[in-house]
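Shown below: my_file32.csv, with CSV, C-alpha atoms and all ligand atoms.
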```csv
chain,number,residue,atom,x,y,z
A,1,MET,CA,63.8,-97.2,16.2
A,2,SER,CA,61.3,-95.9,13.7
A,3,VAL,CA,57.5,-96.3,14.1
A,4,ALA,CA,57.4,-98.5,11.0
A,5,VAL,CA,59.9,-100.9,12.5
A,6,ALA,CA,58.1,-100.9,15.9
A,7,THR,CA,54.8,-101.9,14.4
A,8,ALA,CA,56.0,-104.5,11.8
A,9,PRO,CA,55.1,-108.1,12.6
A,10,ALA,CA,57.8,-110.0,14.3
A,11,PRO,CA,59.8,-112.2,12.0
A,12,PHE,CA,59.1,-116.0,12.3
A,13,TYR,CA,62.7,-116.9,13.0
A,14,GLU,CA,65.3,-115.2,15.1
A,15,ASP,CA,69.0,-115.9,15.6
A,16,VAL,CA,69.9,-116.7,19.2
A,17,ALA,CA,73.2,-116.7,21.0
A,18,CYS,CA,74.3,-119.7,23.0
A,19,TYR,CA,72.2,-119.9,26.2
A,20,GLY,CA,75.3,-121.0,28.1
A,21,CYS,CA,78.1,-118.8,27.1
A,22,GLY,CA,76.7,-116.2,24.7
A,23,ARG,CA,78.7,-117.2,21.6
A,24,ARG,CA,76.8,-116.6,18.4
A,25,GLY,CA,76.4,-119.1,15.5
A,26,GLY,CA,77.2,-122.7,16.2
A,27,ARG,CA,78.1,-125.8,14.2
A,28,ALA,CA,75.2,-127.7,12.5
A,29,PHE,CA,74.1,-130.5,14.8
A,30,ILE,CA,70.8,-132.0,13.7
A,31,ASP,CA,67.7,-131.0,11.7
A,32,ALA,CA,64.2,-131.9,12.9
A,33,GLN,CA,60.6,-131.7,11.8
A,34,ASP,CA,57.5,-131.3,13.9
A,35,ASP,CA,57.0,-135.0,14.1
A,36,LEU,CA,54.3,-134.8,16.7
A,37,THR,CA,51.7,-132.8,14.8
A,38,GLY,CA,53.1,-132.8,11.3
A,39,LYS,CA,53.1,-129.0,10.9
A,40,PRO,CA,55.4,-128.1,8.0
A,41,GLY,CA,59.0,-126.8,8.4
A,42,THR,CA,62.5,-128.0,9.1
A,43,PHE,CA,64.2,-126.8,12.3
A,44,HIS,CA,67.9,-126.6,12.9
A,45,PHE,CA,69.8,-127.5,16.1
A,46,VAL,CA,73.4,-126.4,16.4
A,47,THR,CA,76.2,-127.1,18.8
A,48,CYS,CA,78.0,-124.2,20.5
A,49,GLU,CA,81.7,-124.1,19.3
A,50,THR,CA,82.8,-122.8,22.7
A,51,CYS,CA,80.8,-124.7,25.4
A,52,GLY,CA,79.2,-127.5,23.4
A,53,LEU,CA,75.6,-126.7,24.3
A,54,ALA,CA,73.0,-128.0,21.7
A,55,PHE,CA,70.3,-125.6,21.0
A,56,GLN,CA,67.8,-124.6,18.2
A,57,ASN,CA,69.2,-121.8,16.1
A,58,PRO,CA,67.5,-119.9,14.6
A,59,ARG,CA,64.5,-120.4,16.8
A,60,VAL,CA,60.9,-119.5,16.2
A,61,SER,CA,60.2,-116.1,17.8
A,62,LEU,CA,58.0,-115.9,20.9
A,63,ASP,CA,55.2,-114.2,19.0
A,64,HIS,CA,55.1,-117.2,16.6
A,65,ILE,CA,55.8,-120.1,18.8
A,66,ARG,CA,52.4,-119.7,20.5
A,67,GLN,CA,50.7,-121.3,17.4
A,68,PHE,CA,52.6,-124.5,18.2
A,69,TYR,CA,50.9,-124.7,21.6
A,70,ASP,CA,47.3,-125.0,20.4
A,71,ASP,CA,44.5,-126.8,22.2
A,72,ASP,CA,45.7,-130.2,21.1
A,73,TYR,CA,49.1,-129.7,22.5
A,74,ILE,CA,49.7,-132.8,24.6
A,75,ALA,CA,50.4,-131.1,27.9
A,76,HIS,CA,47.3,-128.9,27.6
A,77,ARG,CA,45.1,-131.9,26.8
A,78,LYS,CA,41.7,-130.7,25.6
A,79,THR,CA,41.4,-133.7,23.3
A,80,ASN,CA,38.4,-135.9,23.7
A,81,TRP,CA,39.7,-139.4,23.8
A,82,GLY,CA,36.4,-141.1,23.6
A,83,VAL,CA,36.2,-144.4,25.2
A,84,LEU,CA,39.8,-144.2,26.2
A,85,ASN,CA,39.4,-141.1,28.3
A,86,ALA,CA,39.5,-143.1,31.5
A,87,ALA,CA,42.8,-144.8,30.4
A,88,PHE,CA,44.3,-141.5,29.4
A,89,ASN,CA,43.3,-139.8,32.7
A,90,ARG,CA,44.7,-142.8,34.6
A,91,ALA,CA,48.0,-142.3,32.8
A,92,MET,CA,48.0,-138.6,33.7
A,93,ASN,CA,47.3,-139.4,37.3
A,94,GLN,CA,50.2,-141.9,37.3
A,95,LEU,CA,52.5,-139.1,36.0
A,96,ASP,CA,51.4,-136.8,38.8
A,97,ALA,CA,51.9,-139.6,41.3
A,98,ALA,CA,55.4,-140.2,39.9
A,99,LYS,CA,56.3,-136.5,40.3
A,100,ASP,CA,55.0,-136.6,43.9
A,101,ARG,CA,57.2,-139.6,44.7
A,102,ILE,CA,60.3,-137.9,43.4
A,103,VAL,CA,59.6,-134.7,45.3
A,104,SER,CA,58.6,-136.5,48.5
A,105,ARG,CA,62.0,-138.2,48.7
A,106,TYR,CA,63.6,-134.9,49.4
A,107,ILE,CA,61.0,-132.7,51.0
A,108,GLY,CA,58.1,-133.5,53.4
A,109,LEU,CA,55.2,-131.3,52.2
A,110,ASN,CA,52.5,-130.2,54.6
A,111,ALA,CA,49.9,-127.5,55.1
A,112,SER,CA,52.5,-124.8,55.7
A,113,SER,CA,54.4,-125.6,52.5
A,114,ALA,CA,54.4,-123.2,49.6
A,115,VAL,CA,55.0,-124.8,46.2
A,116,LEU,CA,55.5,-123.2,42.8
A,117,ASP,CA,55.2,-125.2,39.5
A,118,VAL,CA,56.8,-123.4,36.5
A,119,GLY,CA,55.2,-124.5,33.3
A,120,CYS,CA,52.3,-125.9,35.2
A,121,GLY,CA,50.1,-126.8,32.2
A,122,VAL,CA,46.5,-127.6,33.2
A,123,GLY,CA,47.6,-127.9,36.9
A,124,THR,CA,46.8,-131.4,38.0
A,125,PHE,CA,50.1,-131.9,39.8
A,126,LEU,CA,49.5,-128.8,41.9
A,127,GLN,CA,46.0,-129.9,42.5
A,128,ARG,CA,47.4,-133.2,43.9
A,129,LEU,CA,49.8,-131.4,46.3
A,130,ARG,CA,47.0,-129.2,47.5
A,131,GLN,CA,44.6,-132.1,48.1
A,132,ARG,CA,47.1,-134.5,49.6
A,133,TYR,CA,49.2,-132.2,51.7
A,134,GLY,CA,47.2,-129.0,52.0
A,135,ALA,CA,50.1,-127.1,50.4
A,136,ALA,CA,49.6,-123.6,49.1
A,137,VAL,CA,50.2,-123.9,45.4
A,138,THR,CA,51.1,-121.4,42.7
A,139,GLY,CA,51.5,-122.1,39.0
A,140,VAL,CA,53.0,-120.2,36.1
A,141,ASP,CA,52.4,-121.0,32.4
A,142,PHE,CA,52.8,-118.8,29.3
A,143,LYS,CA,49.5,-120.0,28.1
A,144,ASN,CA,46.3,-118.9,29.8
A,145,LEU,CA,44.9,-122.1,31.3
A,146,ALA,CA,43.1,-120.4,34.2
A,147,SER,CA,39.8,-121.8,33.2
A,148,TYR,CA,40.9,-125.5,33.6
A,149,PRO,CA,39.1,-127.2,36.5
A,150,ALA,CA,42.4,-128.5,38.2
A,151,LEU,CA,43.7,-124.9,38.4
A,152,GLN,CA,40.7,-123.8,40.6
A,153,GLY,CA,42.3,-123.2,44.0
A,154,THR,CA,45.7,-122.5,42.5
A,155,GLU,CA,47.2,-119.1,42.3
A,156,PHE,CA,47.9,-118.9,38.6
A,157,HIS,CA,50.2,-116.5,36.8
A,158,CYS,CA,50.0,-116.3,33.0
A,159,GLY,CA,53.2,-115.3,31.2
A,160,LEU,CA,56.9,-115.8,31.3
A,161,PHE,CA,58.2,-117.1,34.6
A,162,TYR,CA,61.0,-114.5,35.0
A,163,GLU,CA,58.4,-111.7,34.4
A,164,ALA,CA,55.8,-113.2,36.7
A,165,ALA,CA,54.7,-110.8,39.5
A,166,LEU,CA,55.9,-113.0,42.4
A,167,ALA,CA,57.4,-109.9,44.2
A,168,ASP,CA,58.8,-111.0,47.6
A,169,ARG,CA,57.1,-114.4,47.6
A,170,ARG,CA,59.3,-117.3,48.8
A,171,PHE,CA,58.7,-121.0,48.2
A,172,ASP,CA,59.8,-124.3,49.9
A,173,LEU,CA,59.7,-126.1,46.6
A,174,VAL,CA,59.9,-125.0,42.9
A,175,THR,CA,59.3,-127.6,40.2
A,176,MET,CA,60.1,-127.5,36.5
A,177,TRP,CA,58.7,-130.6,34.8
A,178,HIS,CA,59.7,-130.4,31.2
A,179,PHE,CA,59.9,-126.6,31.2
A,180,LEU,CA,63.5,-125.7,30.9
A,181,GLU,CA,63.9,-127.3,27.4
A,182,HIS,CA,61.1,-124.9,26.2
A,183,ASP,CA,62.5,-121.8,27.8
A,184,TYR,CA,63.7,-118.8,25.9
A,185,ASP,CA,66.1,-117.7,28.7
A,186,PRO,CA,66.9,-120.7,30.9
A,187,MET,CA,69.7,-119.1,32.9
A,188,ARG,CA,67.3,-116.2,33.8
A,189,SER,CA,64.7,-118.7,34.8
A,190,LEU,CA,67.1,-120.6,37.0
A,191,ARG,CA,68.3,-117.3,38.7
A,192,THR,CA,64.6,-116.4,39.2
A,193,ALA,CA,64.0,-119.8,40.8
A,194,HIS,CA,67.0,-119.1,43.1
A,195,ARG,CA,65.5,-115.8,44.1
A,196,VAL,CA,62.0,-117.1,44.9
A,197,LEU,CA,63.2,-120.1,46.9
A,198,LYS,CA,63.5,-120.0,50.6
A,199,ARG,CA,66.9,-120.7,52.0
A,200,GLY,CA,67.1,-124.5,52.1
A,201,GLY,CA,64.3,-124.7,49.6
A,202,TYR,CA,64.4,-127.3,46.8
A,203,LEU,CA,64.2,-126.9,43.0
A,204,VAL,CA,63.4,-130.1,41.0
A,205,ILE,CA,64.1,-130.0,37.2
A,206,GLU,CA,63.2,-132.7,34.7
A,207,VAL,CA,64.1,-132.5,31.0
A,208,PRO,CA,64.7,-134.9,28.2
A,209,ARG,CA,68.3,-136.2,28.2
A,210,LEU,CA,70.4,-135.7,25.1
A,211,ASP,CA,73.0,-138.3,26.1
A,212,SER,CA,70.4,-141.1,26.4
A,213,VAL,CA,69.7,-144.4,24.7
A,214,THR,CA,66.6,-143.1,22.9
A,215,PHE,CA,68.5,-140.2,21.3
A,216,TRP,CA,71.1,-142.8,20.1
A,217,MET,CA,68.2,-144.9,18.7
A,218,PHE,CA,66.1,-142.3,17.0
A,219,ARG,CA,68.6,-139.4,16.2
A,220,ASP,CA,66.7,-136.8,14.0
A,221,ARG,CA,63.3,-138.5,14.9
A,222,TRP,CA,64.1,-138.4,18.7
A,223,PRO,CA,60.9,-137.2,20.5
A,224,GLY,CA,63.1,-135.1,22.8
A,225,LEU,CA,63.9,-132.8,19.8
A,226,GLN,CA,60.2,-131.8,19.7
A,227,ALA,CA,60.8,-129.1,17.2
A,228,PRO,CA,60.1,-126.3,17.2
A,229,GLN,CA,59.1,-126.1,20.9
A,230,HIS,CA,62.3,-127.3,22.4
A,231,THR,CA,64.9,-124.6,22.5
A,232,VAL,CA,67.7,-126.4,24.3
A,233,LEU,CA,68.8,-130.1,24.4
A,234,TYR,CA,70.5,-130.8,27.7
A,235,ASP,CA,73.0,-133.6,28.3
A,236,ARG,CA,74.0,-134.3,31.9
A,237,ALA,CA,77.1,-132.1,31.9
A,238,HIS,CA,75.3,-129.0,30.6
A,239,LEU,CA,72.2,-129.4,32.8
A,240,LEU,CA,74.4,-129.6,35.9
A,241,ALA,CA,76.6,-126.7,34.7
A,242,PHE,CA,73.5,-124.5,34.3
A,243,VAL,CA,72.2,-125.3,37.7
A,244,GLU,CA,75.6,-124.5,39.4
A,245,ARG,CA,76.0,-121.3,37.5
A,246,ALA,CA,72.7,-120.1,39.1
A,247,ASP,CA,74.3,-120.7,42.5
A,248,LEU,CA,72.1,-123.7,43.3
A,249,GLU,CA,73.6,-126.7,45.2
A,250,ILE,CA,73.2,-130.1,43.5
A,251,VAL,CA,71.6,-132.5,46.0
A,252,ASP,CA,70.9,-135.4,43.6
A,253,TYR,CA,70.9,-136.4,40.0
A,254,LEU,CA,68.6,-139.1,38.5
A,255,PRO,CA,69.1,-140.7,35.1
A,256,TYR,CA,65.3,-140.9,34.7
A,257,GLY,CA,62.2,-138.8,35.4
A,258,ALA,CA,58.6,-139.0,36.3
A,259,PHE,CA,57.7,-138.8,32.6
A,260,PRO,CA,57.6,-142.4,31.2
A,261,ALA,CA,60.5,-143.3,29.0
A,262,TYR,CA,58.1,-145.6,27.2
A,263,PHE,CA,56.5,-142.6,25.6
A,264,TYR,CA,59.8,-141.9,23.8
A,265,LEU,CA,60.2,-145.5,22.8
A,266,PHE,CA,56.8,-145.6,21.3
A,267,THR,CA,56.7,-142.1,19.6
A,268,GLY,CA,60.3,-142.4,18.4
A,269,THR,CA,59.4,-145.6,16.6
A,270,ALA,CA,56.2,-144.0,15.2
A,271,PHE,CA,58.1,-140.9,14.0
A,272,LEU,CA,60.6,-143.1,12.2
A,273,MET,CA,57.8,-144.7,10.2
A,274,LEU,CA,55.7,-141.5,9.7
A,275,LYS,CA,58.7,-139.3,8.5
A,276,GLY,CA,57.2,-136.0,9.6
A,277,ARG,CA,53.6,-136.7,8.7
A,278,GLY,CA,52.4,-136.2,12.3
A,279,LEU,CA,51.1,-138.7,14.9
A,280,ASN,CA,47.3,-139.2,15.1
A,281,LEU,CA,47.1,-139.6,18.9
A,282,LYS,CA,43.6,-141.0,18.8
A,283,ARG,CA,44.6,-143.7,16.4
A,284,ALA,CA,47.9,-144.4,18.2
A,285,ILE,CA,46.5,-144.9,21.6
A,286,TYR,CA,45.6,-148.6,21.2
A,287,PRO,CA,49.0,-149.6,20.0
A,288,TYR,CA,50.4,-147.3,22.7
A,289,PHE,CA,48.9,-149.3,25.5
A,290,LEU,CA,49.5,-152.6,23.8
A,291,GLY,CA,53.2,-151.7,23.3
A,292,ARG,CA,53.5,-150.8,26.9
A,293,VAL,CA,52.5,-154.3,28.0
A,294,LEU,CA,55.0,-155.8,25.6
A,295,ALA,CA,57.8,-153.5,26.7
A,296,ALA,CA,57.1,-154.2,30.4
A,297,PRO,CA,60.2,-156.4,30.9
A,298,VAL,CA,62.5,-153.6,29.7
A,299,LEU,CA,60.6,-150.8,31.5
A,300,ALA,CA,61.0,-152.7,34.8
A,301,PHE,CA,64.6,-151.5,34.7
A,302,GLU,CA,63.8,-148.0,33.4
A,303,LYS,CA,65.6,-146.3,36.3
A,304,TYR,CA,68.9,-147.9,35.4
A,305,LEU,CA,68.9,-147.8,31.6
A,306,ASN,CA,69.3,-144.0,30.9
A,307,LEU,CA,66.5,-144.3,28.4
A,308,ALA,CA,65.2,-140.8,27.9
A,309,MET,CA,64.9,-138.4,30.8
A,310,HIS,CA,67.0,-136.9,33.6
A,311,THR,CA,66.1,-135.0,36.8
A,312,VAL,CA,68.3,-132.8,39.0
A,313,ILE,CA,67.3,-132.0,42.5
A,314,CYS,CA,69.0,-128.8,43.8
A,315,ARG,CA,68.7,-126.5,46.8
A,316,ARG,CA,69.3,-122.9,47.6
A,317,SER,CA,72.0,-123.0,50.2
A,318,GLN,CA,72.6,-119.3,50.7
A,401,ZN,ZN,78.2,-121.9,24.4
```

Could the structure of this file be written out as structure tokens, please?
Ligand SMILES: [Zn+2]
Amino acid sequence: MSVAVATAPAPFYEDVACYGCGRRGGRAFIDAQDDLTGKPGTFHFVTCETCGLAFQNPRVSLDHIRQFYDDDYIAHRKTNWGVLNAAFNRAMNQLDAAKDRIVSRYIGLNASSAVLDVGCGVGTFLQRLRQRYGAAVTGVDFKNLASYPALQGTEFHCGLFYEAALADRRFDLVTMWHFLEHDYDPMRSLRTAHRVLKRGGYLVIEVPRLDSVTFWMFRDRWPGLQAPQHTVLYDRAHLLAFVERADLEIVDYLPYGAFPAYFYLFTGTAFLMLKGRGLNLKRAIYPYFLGRVLAAPVLAFEKYLNLAMHTVICRRSQ
């Protein structure tokens, strides 16, 4: 490779082979816009002609995707919500509590537990596990969020998970809450998770579910597309196949997640109306909480309706 090539800026788009089977190309599946923030561009998802996996192709290169995870990015919330800060913080606490409830069904955490959260964001889930159970907590995120208050007391690694310097560390629990659909090499991440788990340790993965009611409702405005950040769209069959290929034993499968399906019902409806103009979160927050009250009768059955998310619980058995 010449010096000129090595120093040239990385192209914005790059072609990618199927994350499941390695086949190149793919049949056109669905086109999406950045409905959440309204940044320009149309992004293409394809279906692999060999294994049927749906993924974004071409994808935005790693060098360029960072600009789509700015300070307003919803998982890295720096936004000042004004008078609704309290309501927003309560919603986030409820999300962390829901994650805790799922995890606690399978593993009893205590002061001798070691937990790793991959794609830990601002770290409030790990903070909860540290405060409630005394667990030793480690977080990885490709964005440097070390200065956030909830990450104080957490061992934080900035960078890609499969490149993180975890050396011979072993964990009782590894969690990936809405991480794997952002990942640029999900099989490598799953194998890395297998490597850093203790024998008998658990891996919990939650991602949006492609074969769900909200995808059927919203199609190219489905919030689970979240272009261009989402690289892979997992249906049940492909999620389970990925986990098994990484030699992980499937313990349970849930047709829901900790993340509220209502968020997809609300934002999907808004995206249909806005047609790519971007959602003003501050303005949307009043109708958001109002809509949640109105939708309460449906949401009472969220765990049975396959609305938006799925979660797989797996274990390293050997
Ligand atoms: Zn494939």

Polymer residues at most 12 Å from Gln67 of chain A, all atoms listed in the file, same-chain spacing of 5 or more positions, as an mmCIF file with C-alpha atoms, keeping the file's coordinate frame:
```
data_model
loop_
_atom_site.group_PDB
_atom_site.id
_atom_site.type_symbol
_atom_site.label_atom_id
_atom_site.label_comp_id
_atom_site.auth_asym_id
_atom_site.auth_seq_id
_atom_site.Cartn_x
_atom_site.Cartn_y
_atom_site.Cartn_z
ATOM 1 C CA PHE A 12 59.100 -116.000 12.300
ATOM 2 C CA THR A 37 51.700 -132.800 14.800
ATOM 3 C CA LYS A 39 53.100 -129.000 10.900
ATOM 4 C CA VAL A 60 60.900 -119.500 16.200
ATOM 5 C CA SER A 61 60.200 -116.100 17.800
ATOM 6 C CA LEU A 62 58.000 -115.900 20.900
ATOM 7 C CA ASP A 72 45.700 -130.200 21.100
ATOM 8 C CA TYR A 73 49.100 -129.700 22.500
ATOM 9 C CA LYS A 143 49.500 -120.000 28.100
ATOM 10 C CA PRO A 228 60.100 -126.300 17.200
ATOM 11 C CA GLN A 229 59.100 -126.100 20.900
#
```

As a quick test: using only C-alpha atoms and all ligand atoms, which residues lie no more than 7 Å away from ligand ZN 401 (chain A)? Give them as a ChimeraX atom specification. /A:18-23,48-53

Which one of A:Pro149, A:His182, A:His64, A:Val118 sits closest to Leu166 of chain A if you count only C-alpha atoms?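 Closest residue, counting only C-alpha atoms: A:Val118.
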
key: Distance criterion (only C-alpha atoms): nearest to Ala97 of chain A out of A:Asn280, A:Asn144, A:Gln127, A:Gln56   =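 Going through A:Asn280, A:Asn144, A:Gln127, A:Gln56 one by one, the smallest distance to Ala97 of chain A is for A:Gln127.
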
All residues 10 Å or closer to Ala246 of chain A, all atoms listed in the file, same chain fewer than 5 positions away omitted, as an MDAnalysis selection string: chainID A and resid 187:195 241 316

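Residues lying within 12 Å of Tyr148 of chain A, counting all atoms listed in the file and ignoring same-chain neighbours fewer than 2 positions away, are A:His76, A:Arg77, A:Lys78, A:Cys120, A:Gly121, A:Val122, A:Gly123, A:Thr124, A:Gln127, A:Lys143, A:Asn144, A:Leu145, A:Ala146, A:Ala150, A:Leu151, A:Gln152, A:Gly153, A:Thr154, A:Phe156.
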
What does the file look like for those residues with C-alpha atoms, as a short mmCIF file (atom, residue, chain, number, x, y, z; two decimals), in the frame of the given file?
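Below is the file that was written, out24.cif:
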```
data_model
loop_
_atom_site.label_atom_id
_atom_site.label_comp_id
_atom_site.auth_asym_id
_atom_site.auth_seq_id
_atom_site.Cartn_x
_atom_site.Cartn_y
_atom_site.Cartn_z
CA HIS A 76 47.30 -128.90 27.60
CA ARG A 77 45.10 -131.90 26.80
CA LYS A 78 41.70 -130.70 25.60
CA CYS A 120 52.30 -125.90 35.20
CA GLY A 121 50.10 -126.80 32.20
CA VAL A 122 46.50 -127.60 33.20
CA GLY A 123 47.60 -127.90 36.90
CA THR A 124 46.80 -131.40 38.00
CA GLN A 127 46.00 -129.90 42.50
CA LYS A 143 49.50 -120.00 28.10
CA ASN A 144 46.30 -118.90 29.80
CA LEU A 145 44.90 -122.10 31.30
CA ALA A 146 43.10 -120.40 34.20
CA ALA A 150 42.40 -128.50 38.20
CA LEU A 151 43.70 -124.90 38.40
CA GLN A 152 40.70 -123.80 40.60
CA GLY A 153 42.30 -123.20 44.00
CA THR A 154 45.70 -122.50 42.50
CA PHE A 156 47.90 -118.90 38.60
#
```

If we count only C-alpha atoms and set the cut-off at 8 Å, which residues sit around Gly276 of chain A, ignoring sequence neighbours fewer than 5 positions away in its own chain? Please answer as number ranges by chain. A: 33-36, 38, 271

Original post:
Looking at all atoms listed in the file, which of A:His230, A:Ile102, A:Arg170, A:Ile285 is the one that sits closest to Pro58 of chain A?
Top reply: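 Of the candidates, the smallest distance to Pro58 of chain A is held by A:His230.
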
For segment 28-110 of chain A versus segment 211-223 of chain A, which residues have an atom no more than 7 Å away, and what is each residue's nearest atom pair and distance in Å rounded to one decimal, using all atoms listed in the file, chain-then-number order, as CSV?
```
residue,atom,partner,partner_atom,distance
A:Ile30,CA,A:Asp220,CA,6.3
A:Asp31,CA,A:Asp220,CA,6.3
A:Ala32,CA,A:Asp220,CA,5.6
```

If I take atom CA of Leu248 of chain A and atom CA of Phe142 of chain A, how far is one from the other in Å, to one decimal?
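Calculated distance between atom CA of Leu248 of chain A and atom CA of Phe142 of chain A is 24.3 Å.
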
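The space between atom CA of Ala114 of chain A and atom CA of Phe161 of chain A spans 16.6 Å.
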
Can you pull out the residues contacting Val312 of chain A? Cut-off 9 Å, using only C-alpha atoms, and skip same-chain residues under 2 positions away; I want them as a list in words.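 Returned residues: Leu203, Val204, Ile205, Glu206, Leu239, Leu240, Val243, Ile250, Val251, Asp252, Tyr253, Leu254, Pro255, His310 and Cys314 of chain A.
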
Name the closest residue to Asn306 of chain A among the candidates A:Ile65, A:Val137, A:Leu210, A:Ala270; distances are taken between atoms, counting only C-alpha atoms.
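The closest residue to Asn306 of chain A is A:Leu210.
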
Legend entry - Pairwise distance for atom CA of Leu197 of chain A and atom CA of Val174 of chain A, rounded to one decimal in Å: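 Atom CA of Val174 of chain A lies at a distance of 7.1 Å from atom CA of Leu197 of chain A.
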
Could segment 88-105 of chain A be completed with N, CA, C and O atoms and returned as a short mmCIF file (atom, residue, chain, number, x, y, z; two decimals), in the frame of the given file?
```
data_model
loop_
_atom_site.label_atom_id
_atom_site.label_comp_id
_atom_site.auth_asym_id
_atom_site.auth_seq_id
_atom_site.Cartn_x
_atom_site.Cartn_y
_atom_site.Cartn_z
N PHE A 88 43.41 -142.61 29.56
CA PHE A 88 44.30 -141.50 29.40
C PHE A 88 44.40 -140.71 30.77
O PHE A 88 45.49 -140.35 31.21
N ASN A 89 43.24 -140.53 31.42
CA ASN A 89 43.30 -139.80 32.70
C ASN A 89 44.07 -140.62 33.75
O ASN A 89 44.78 -140.04 34.58
N ARG A 90 43.98 -141.96 33.66
CA ARG A 90 44.70 -142.80 34.60
C ARG A 90 46.25 -142.58 34.36
O ARG A 90 47.02 -142.45 35.30
N ALA A 91 46.64 -142.54 33.09
CA ALA A 91 48.00 -142.30 32.80
C ALA A 91 48.52 -140.97 33.30
O ALA A 91 49.63 -140.83 33.82
N MET A 92 47.68 -139.96 33.20
CA MET A 92 48.00 -138.60 33.70
C MET A 92 48.12 -138.62 35.23
O MET A 92 48.99 -137.98 35.81
N ASN A 93 47.21 -139.33 35.88
CA ASN A 93 47.30 -139.40 37.30
C ASN A 93 48.56 -140.15 37.76
O ASN A 93 49.19 -139.79 38.76
N GLN A 94 48.95 -141.16 36.98
CA GLN A 94 50.20 -141.90 37.30
C GLN A 94 51.40 -140.95 37.15
O GLN A 94 52.35 -141.04 37.92
N LEU A 95 51.35 -140.07 36.16
CA LEU A 95 52.50 -139.10 36.00
C LEU A 95 52.55 -138.18 37.18
O LEU A 95 53.64 -137.94 37.71
N ASP A 96 51.41 -137.65 37.61
CA ASP A 96 51.40 -136.80 38.80
C ASP A 96 51.89 -137.51 40.03
O ASP A 96 52.61 -136.94 40.86
N ALA A 97 51.50 -138.76 40.16
CA ALA A 97 51.90 -139.60 41.30
C ALA A 97 53.45 -139.79 41.27
O ALA A 97 54.12 -139.76 42.31
N ALA A 98 53.99 -140.01 40.07
CA ALA A 98 55.40 -140.20 39.90
C ALA A 98 56.21 -138.94 40.30
O ALA A 98 57.26 -138.99 40.95
N LYS A 99 55.68 -137.79 39.91
CA LYS A 99 56.30 -136.50 40.30
C LYS A 99 56.28 -136.36 41.81
O LYS A 99 57.28 -135.97 42.43
N ASP A 100 55.15 -136.69 42.40
CA ASP A 100 55.00 -136.60 43.90
C ASP A 100 56.00 -137.50 44.57
O ASP A 100 56.63 -137.09 45.55
N ARG A 101 56.20 -138.72 44.04
CA ARG A 101 57.20 -139.60 44.70
C ARG A 101 58.58 -139.09 44.62
O ARG A 101 59.33 -139.20 45.60
N ILE A 102 58.97 -138.51 43.49
CA ILE A 102 60.30 -137.90 43.40
C ILE A 102 60.48 -136.81 44.42
O ILE A 102 61.43 -136.78 45.19
N VAL A 103 59.53 -135.89 44.42
CA VAL A 103 59.60 -134.70 45.30
C VAL A 103 59.64 -135.16 46.77
O VAL A 103 60.42 -134.65 47.58
N SER A 104 58.80 -136.14 47.10
CA SER A 104 58.60 -136.50 48.50
C SER A 104 59.87 -137.24 49.07
O SER A 104 59.98 -137.40 50.29
N ARG A 105 60.77 -137.68 48.20
CA ARG A 105 62.00 -138.20 48.70
C ARG A 105 62.91 -137.19 49.35
O ARG A 105 63.78 -137.51 50.14
#
```
